[in-house]
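Structure, as structure tokens:
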Amino acid sequence: MKLLQHKHGRTQEKTFFYRYFKWLLWLSLTLYFFTSYLISNNPNKPTSISKTHVISTSKSNLASRALIEFTDNNSHENPGLLKDLKIYIYDLPAKFNSDWLSNERCRNHLFASEVAIHRALLTSDFRTIDPFEADFFFVPVYVSCNFSTVNGFPAIGHARSLISSAIQIISSEYPFWNRSRGSDHVFVASHDFGACFHTMENVAIEDGIPLFLKRSIILQTFGVKHKHPCQEVENVVIPPYISPEKVRTTLREASLDGRRDIFAFFRGKMEVHPKNVSGRFYSKKVRTHIWRKYGGDWRFYLQRQRFAGYQSEIVRSKFCLCPLGWAPWSPRLVESVALGCVPVIIADGIRLPFPDAVRWPEISLTVPEKDVGKLGTILEHVASTNLTSIQKNLMDPSVKRALLFNNQIEQGDATWQVLSALASKLHRSYRRSRSSDQ
């Protein structure tokens, strides 16, 4: 009898715990699904967006101020057109890239896009470690970090032999160069005349682009709208490198009232008596004409000496002159846009970087070289008519973002724009062409 009572008590105990467990499970599932519903259907839930800070306290001065943009850690995701894009990065011996980084300047000078693009791709979602699934092959060769001991400028006389050596390695150790003859391989040539690898145009034209690069894709700062031997290759025009950190620092340290007390600004080389170099004059004498015409004009703040803090002058200026040098492009284009100064482009026929992302006609002025003598009148007219509109367009953070190379790829930044350009050239990809044939 005691045994039966004992068994009956244990049965009731099991039944109680079984019901309790079912009730607890039902309650947990109910709370889980109810919470999931609230999260997925809450219209006010926080989303992953970029945070834009306007460094100004005066509402009336917003149009004349640059924006500084910070993006969250998820901004490098790859939606849309870039979703399936894959880049393989060759692991070359250190003499082709990382050895040059012993000089800190290699990372930060105006030709440093070759370093910045490589660095950003290494940590990118677009990188693949399987070369057989790659659409494009990036060849990381730094040719701009060999600084002259005479004048401190990059000496690129070794560029052709260094790149040729890199191609010999990848063509002998991998099958990918030979199968496409380099048509899906990407190089950076961030110098005056791109893949012609010379600072003087006449020599660059005479030398031309080396045959071993003729079938590849070149990312280069040089670009003109007319036929030119130094762009007779598949190419993408990219901006010169300007440090995003330096731009942000300049904006943080700028006057909070947003006042732009400089009407027109230029600091750089302006020869009073230009030298004839192989029948050519620096800047086609445009800078000399600017100095002679406006050097004593109170509206123009013109300086011929170097000054490390010149960005603090750009951020105070309404118009920033961007005349050609030996080549048509200039780092002032990027700095002006990033710091909210209207770039005044004086370089006939120049091709500007990423025109699909940067609406250049809406954020800049273009003055023909022959009209540089009318510059004062032209700028006064713009100042009295549509300057505010142009400054407002300059405030679009996506414009600045598109011209700056970040350490890690951010959606819409300069490396992102490079990838977008490559995505439009998938017909050059051996893997994609093979897939479409099958």
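Residue numbering restarts at 1 in every chain; chains get A, B, ... in the order shown in the structure tokens, and ligands count up from 1 in that same order.
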
Surrounding residues of Ile242 (chain A) excluding itself and chain neighbours under 6 positions, 12 Å, only C-alpha atoms, as a list in words: Arg107, Asn108, His109, Leu110, Phe111, Ala112, Ser113, Ala116, Arg248, Gln311, Ser330, Pro331, Arg332, Leu333, Val334, Glu335, Ser336, Val337, Ala338, Leu339, Lys400, Arg401, Ala402, Leu403, Leu404, Phe405, Asn406 and Ala414 of chain A

List as JSON lines every residue of region 320-361 of chain A that is in contact with region 250-269 of chain A, defined as an atom at most 10 Å from one of its atoms (using only C-alpha atoms), together with the nearest atom pair and the distance in Å rounded to one decimal, sorted by chain and then rising number.
```
{"residue": "A:Cys320", "atom": "CA", "partner": "A:Phe265", "partner_atom": "CA", "distance": 4.9}
{"residue": "A:Leu321", "atom": "CA", "partner": "A:Phe266", "partner_atom": "CA", "distance": 5.5}
{"residue": "A:Cys322", "atom": "CA", "partner": "A:Phe266", "partner_atom": "CA", "distance": 7.7}
{"residue": "A:Pro323", "atom": "CA", "partner": "A:Phe266", "partner_atom": "CA", "distance": 9.1}
{"residue": "A:Gly325", "atom": "CA", "partner": "A:Lys269", "partner_atom": "CA", "distance": 8.5}
{"residue": "A:Arg332", "atom": "CA", "partner": "A:Phe266", "partner_atom": "CA", "distance": 9.1}
{"residue": "A:Ala338", "atom": "CA", "partner": "A:Leu251", "partner_atom": "CA", "distance": 9.4}
{"residue": "A:Leu339", "atom": "CA", "partner": "A:Leu251", "partner_atom": "CA", "distance": 7.2}
{"residue": "A:Gly340", "atom": "CA", "partner": "A:Leu251", "partner_atom": "CA", "distance": 9.8}
{"residue": "A:Cys341", "atom": "CA", "partner": "A:Arg260", "partner_atom": "CA", "distance": 9.0}
{"residue": "A:Val342", "atom": "CA", "partner": "A:Ala264", "partner_atom": "CA", "distance": 9.4}
{"residue": "A:Pro343", "atom": "CA", "partner": "A:Phe265", "partner_atom": "CA", "distance": 9.8}
{"residue": "A:Val344", "atom": "CA", "partner": "A:Ala264", "partner_atom": "CA", "distance": 9.3}
```

Those residues with N, CA, C and O atoms, as a short mmCIF file (atom, residue, chain, number, x, y, z; two decimals), in the first residue's frame please?
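That gives us part_6.cif:
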```cif
data_model
loop_
_atom_site.label_atom_id
_atom_site.label_comp_id
_atom_site.auth_asym_id
_atom_site.auth_seq_id
_atom_site.Cartn_x
_atom_site.Cartn_y
_atom_site.Cartn_z
N CYS A 320 38.76 78.86 -54.93
CA CYS A 320 40.11 78.32 -54.90
C CYS A 320 40.56 78.02 -56.32
O CYS A 320 39.94 77.21 -57.02
N LEU A 321 41.62 78.68 -56.74
CA LEU A 321 42.10 78.52 -58.11
C LEU A 321 42.82 77.18 -58.26
O LEU A 321 43.64 76.80 -57.43
N CYS A 322 42.48 76.47 -59.33
CA CYS A 322 43.07 75.16 -59.61
C CYS A 322 43.64 75.15 -61.03
O CYS A 322 43.11 74.47 -61.93
N PRO A 323 44.71 75.92 -61.26
CA PRO A 323 45.31 75.96 -62.59
C PRO A 323 46.17 74.73 -62.85
O PRO A 323 46.63 74.07 -61.90
N GLY A 325 49.47 72.50 -63.88
CA GLY A 325 50.91 72.63 -63.68
C GLY A 325 51.57 72.09 -64.93
O GLY A 325 51.29 72.55 -66.02
N ARG A 332 44.60 70.36 -55.58
CA ARG A 332 43.73 71.44 -55.10
C ARG A 332 42.26 71.16 -55.42
O ARG A 332 41.36 71.67 -54.75
N ALA A 338 36.67 69.21 -50.62
CA ALA A 338 36.58 68.65 -49.26
C ALA A 338 36.44 69.73 -48.20
O ALA A 338 35.84 69.50 -47.15
N LEU A 339 36.96 70.93 -48.49
CA LEU A 339 36.94 72.01 -47.51
C LEU A 339 35.93 73.11 -47.86
O LEU A 339 35.95 74.19 -47.28
N GLY A 340 35.06 72.84 -48.83
CA GLY A 340 33.94 73.74 -49.10
C GLY A 340 34.27 74.98 -49.88
O GLY A 340 33.48 75.93 -49.88
N CYS A 341 35.42 75.02 -50.55
CA CYS A 341 35.79 76.17 -51.38
C CYS A 341 35.49 75.84 -52.83
O CYS A 341 35.81 74.74 -53.30
N VAL A 342 34.89 76.75 -53.56
CA VAL A 342 34.50 76.49 -54.95
C VAL A 342 35.76 76.38 -55.81
O VAL A 342 36.51 77.35 -55.96
N PRO A 343 36.02 75.20 -56.40
CA PRO A 343 37.20 75.07 -57.25
C PRO A 343 37.02 75.80 -58.58
O PRO A 343 35.98 75.64 -59.23
N VAL A 344 38.02 76.57 -58.96
CA VAL A 344 38.02 77.26 -60.24
C VAL A 344 39.03 76.54 -61.12
O VAL A 344 40.25 76.70 -60.97
#
```

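Between Asp125 (chain A) and the residues A:Ala159, A:Ser148, A:Glu201, A:Leu85, the shortest atom-to-atom distance, using only C-alpha atoms, involves A:Leu85.
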
Every residue of region 42-253 of chain A that DSSP places in helix (DSSP H, G or I), as a PyMOL selection string: chain A and resi 59-64+80-82+94-96+98-102+104-107+113-122+131-133+159-173+176-180+194-196+201-207+211-213+229-231+244-253

Å distance separating CA of Leu81 (chain A) from CA of Gly412 (chain A), one decimal place: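 Between these atoms lies a distance of 12.6 Å.
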